[in-house]
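Asks: Can you keep this structure in mind? I'll have questions shortly.
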Amino acid sequence: MHYDAAVSRIAAIVPCHNEEAAIATVIADLRRAVPEIEIYVYDNASTDNTVRVATAAGAIVRHETVKGKGNVVRRAFADVDADVYVLIDGDDTYAARDLPAMIAALHAGPHDHVLGVRKESAVGAYRPGHALGNRGFNWFVSAVFNSPVSDMLSGYRVFSRRFVKSFPALSREFEIETELTVHAMSLRVPQVEVPVGFKDRPLGSESKLRTYHDGFRILSLIVGLIRHERPLMFYGLIGLVLAVAGVAIGTPVVIEFFETGLVPRFPTAVLAVGIILAAFMSWMIGLILDGVLKSRREFSRLNYLSHESPTWRPMTLPATPGRDS
């Protein structure tokens, strides 16, 4: 089965910063995989020939001068009008040949979010430490949000219009993938994972990822999202830690009082009471923010439902094109 081009307007959003060595190949592969696709290359303050190469290759080139992939995605999601949105990096590491299967999966559900789960097609496609870090983030987010994800940091995704137009896009840099994943989990939109090919960058192309810097930014975003999306859990755990500390500090004072009828360590008693009160305040904050969260999610859900669901007329899948390397 395949999508019907007469029904679906398909737009590819390709964030680029200094990708002159790879962008022409990405554009050609996307057009070969999905001939009717509109390709928007968003130049993100490149200092090389990315813009010239992308223009010559036939892409629609737009500009986002504020550096950061999250800034590009926010701008593109606001500006581009389509029924199906494809997000793919401009570094030629993802297999464009898998795009028809991802679009078909979006329509077949119908789903609102299709995540391309990377499968290495060459040894060394992942930089050292990236695969381990990705697995750790996958486990952590899956456990916290009670929704399994296999590759939350993948930069290859397909979205419905209603997902894109209901996504706030608050991130600035590479943590945008984490925000996309958590948004889908929190809104509980129908989503599916599709395996996609993944290879190393071409010669002359340099990764923009900074392993520790971006890893800490992603971890910080996850903690922030837990605070916003799971306030009862976040503040409940803080309250529990404070309560345990308060009881541990105050118990000897209480025991001494029952034994002697005196409170010789008065400052310790005051400290213990203060910590216990802080624990109760933390629990109350969690309860209040949990109520706010429910209202916010209702509003987000109504905004999401205000857009049409993916539409599709089934048709025979054309002959499989030659597989790109």
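We name chains A, B, ... following the order of the structure tokens; residues begin at 1 in each chain, and ligands are numbered from 1 as shown.
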Just list as a PyMOL selection string whatever in region 4-216 of chain A DSSP marks as helix (DSSP H, G or I).

Replies: chain A and resi 23-33+50-56+69-79+96-108+130-145+161-164+176-187+211-216

Asks: Can you tell me, as a ChimeraX atom specification, what residues are no more than 12 Å from Ala24 (chain A) when counting only C-alpha atoms, ignoring any on the same chain fewer than 4 positions away?

Replies: /A:14,16,19-20,28-31,39,41,49-59,90-92,202

Asks: Counting only C-alpha atoms, which residues of region 154-272 of chain A sit at most 9 Å from some atom of region 280-293 of chain A, and what is each one's closest atom pair with its distance in Å to one decimal, listed by chain and rising residue number, as a Markdown table?

Replies:
| residue | atom | partner | partner_atom | distance |
| --- | --- | --- | --- | --- |
| A:His228 | CA | A:Leu293 | CA | 7.6 |
| A:Glu229 | CA | A:Leu293 | CA | 7.0 |
| A:Arg230 | CA | A:Asp290 | CA | 7.5 |
| A:Pro231 | CA | A:Gly286 | CA | 5.1 |
| A:Leu232 | CA | A:Gly286 | CA | 4.3 |
| A:Met233 | CA | A:Gly286 | CA | 7.5 |
| A:Phe234 | CA | A:Gly286 | CA | 7.3 |
| A:Tyr235 | CA | A:Gly286 | CA | 5.1 |
| A:Gly236 | CA | A:Trp283 | CA | 5.3 |
| A:Leu237 | CA | A:Trp283 | CA | 8.6 |
| A:Ile238 | CA | A:Ser282 | CA | 6.8 |
| A:Gly239 | CA | A:Ser282 | CA | 5.1 |
| A:Leu240 | CA | A:Trp283 | CA | 8.4 |
| A:Leu242 | CA | A:Ser282 | CA | 8.9 |
| A:Ala243 | CA | A:Phe280 | CA | 8.0 |

Asks: Hey, what does DSSP flag as strand (DSSP E or B) within region 141-239 of chain A? Can you give it to me as a list in words?

Replies: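 Going through region 141-239 of chain A, the strand (DSSP E or B) residues come out as Arg157, Val158, Phe159, Ser160, Gln191, Val192, Glu193, Val194, Pro195, Val196, Gly197 and Phe198 of chain A.
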
Asks: Do you know which residues are at most 9 Å from Leu187 (chain A) counting only C-alpha atoms, after dropping those on the same chain fewer than 2 positions away, and could you put them as a PyMOL selection string?

Replies: chain A and resi 182-185+189+297+300-301+304

Asks: Please indicate the distance in Å from CA of Thr178 (chain A) to CA of Ala22 (chain A), rounded to one decimal place.

Replies: 24.7 Å

Asks: May I have the residues within 10 Å of region 69-76 of chain A as an MDAnalysis selection string, using only C-alpha atoms and disregarding those fewer than 5 positions away in the same chain?

Replies: chainID A and resid 12:17 40:44 62:64 81 87 89 164 167:177 179

Asks: Would you pick out the contacts of region 152-156 of chain A at 8 Å or less, using only C-alpha atoms, so that residues sharing its chain but fewer than 6 positions from it are not included, and give the list as JSON, numbers by chain?

Replies: {"A": [86, 87, 88, 89, 94, 115, 116, 117, 118, 134, 137, 138, 177, 178, 181]}

Asks: Output N, CA and C atoms of each residue in that selection to a file, as a PDB file, in the first residue's frame.

Replies:
ATOM      1  N   VAL A  86       7.965  15.758   6.979  1.00  0.00           N
ATOM      2  CA  VAL A  86       9.125  14.888   7.170  1.00  0.00           C
ATOM      3  C   VAL A  86      10.242  15.729   7.773  1.00  0.00           C
ATOM      4  N   LEU A  87      10.814  15.256   8.859  1.00  0.00           N
ATOM      5  CA  LEU A  87      11.968  15.918   9.460  1.00  0.00           C
ATOM      6  C   LEU A  87      13.171  15.001   9.292  1.00  0.00           C
ATOM      7  N   ILE A  88      14.196  15.495   8.604  1.00  0.00           N
ATOM      8  CA  ILE A  88      15.384  14.677   8.355  1.00  0.00           C
ATOM      9  C   ILE A  88      16.609  15.582   8.369  1.00  0.00           C
ATOM     10  N   ASP A  89      17.698  15.108   8.948  1.00  0.00           N
ATOM     11  CA  ASP A  89      18.924  15.901   9.006  1.00  0.00           C
ATOM     12  C   ASP A  89      19.545  16.021   7.617  1.00  0.00           C
ATOM     13  N   TYR A  94      20.825   9.411   7.283  1.00  0.00           N
ATOM     14  CA  TYR A  94      19.588   8.620   7.302  1.00  0.00           C
ATOM     15  C   TYR A  94      19.229   8.167   5.887  1.00  0.00           C
ATOM     16  N   LEU A 115       8.329   7.444  14.157  1.00  0.00           N
ATOM     17  CA  LEU A 115       9.720   7.612  14.585  1.00  0.00           C
ATOM     18  C   LEU A 115      10.616   6.660  13.798  1.00  0.00           C
ATOM     19  N   GLY A 116      11.622   7.213  13.142  1.00  0.00           N
ATOM     20  CA  GLY A 116      12.597   6.388  12.439  1.00  0.00           C
ATOM     21  C   GLY A 116      13.644   5.868  13.409  1.00  0.00           C
ATOM     22  N   VAL A 117      13.601   4.569  13.681  1.00  0.00           N
ATOM     23  CA  VAL A 117      14.547   3.952  14.617  1.00  0.00           C
ATOM     24  C   VAL A 117      15.789   3.526  13.844  1.00  0.00           C
ATOM     25  N   ARG A 118      16.920   4.086  14.216  1.00  0.00           N
ATOM     26  CA  ARG A 118      18.151   3.884  13.456  1.00  0.00           C
ATOM     27  C   ARG A 118      18.700   2.461  13.581  1.00  0.00           C
ATOM     28  N   ASN A 134      22.163   7.162  24.252  1.00  0.00           N
ATOM     29  CA  ASN A 134      20.811   7.084  23.682  1.00  0.00           C
ATOM     30  C   ASN A 134      19.994   5.998  24.377  1.00  0.00           C
ATOM     31  N   PHE A 137      18.943   7.275  27.840  1.00  0.00           N
ATOM     32  CA  PHE A 137      17.839   8.232  27.755  1.00  0.00           C
ATOM     33  C   PHE A 137      16.534   7.524  27.394  1.00  0.00           C
ATOM     34  N   ASN A 138      16.607   6.549  26.470  1.00  0.00           N
ATOM     35  CA  ASN A 138      15.402   5.801  26.094  1.00  0.00           C
ATOM     36  C   ASN A 138      14.784   5.108  27.300  1.00  0.00           C
ATOM     37  N   GLU A 177      14.587  16.823  19.678  1.00  0.00           N
ATOM     38  CA  GLU A 177      14.094  15.460  19.501  1.00  0.00           C
ATOM     39  C   GLU A 177      13.457  14.922  20.783  1.00  0.00           C
ATOM     40  N   THR A 178      14.062  15.262  21.918  1.00  0.00           N
ATOM     41  CA  THR A 178      13.496  14.847  23.195  1.00  0.00           C
ATOM     42  C   THR A 178      12.133  15.500  23.412  1.00  0.00           C
ATOM     43  N   THR A 181       9.504  13.777  21.297  1.00  0.00           N
ATOM     44  CA  THR A 181       9.143  12.468  21.851  1.00  0.00           C
ATOM     45  C   THR A 181       8.214  12.606  23.050  1.00  0.00           C
TER      46      THR A 181
END

Asks: Measuring between only C-alpha atoms, which one of A:Phe145, A:Thr47, A:Phe159, A:Ala11 shows the shortest distance to Lys67 (chain A)?

Replies: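 Of A:Phe145, A:Thr47, A:Phe159, A:Ala11, the one nearest Lys67 (chain A), counting only C-alpha atoms, is A:Thr47.
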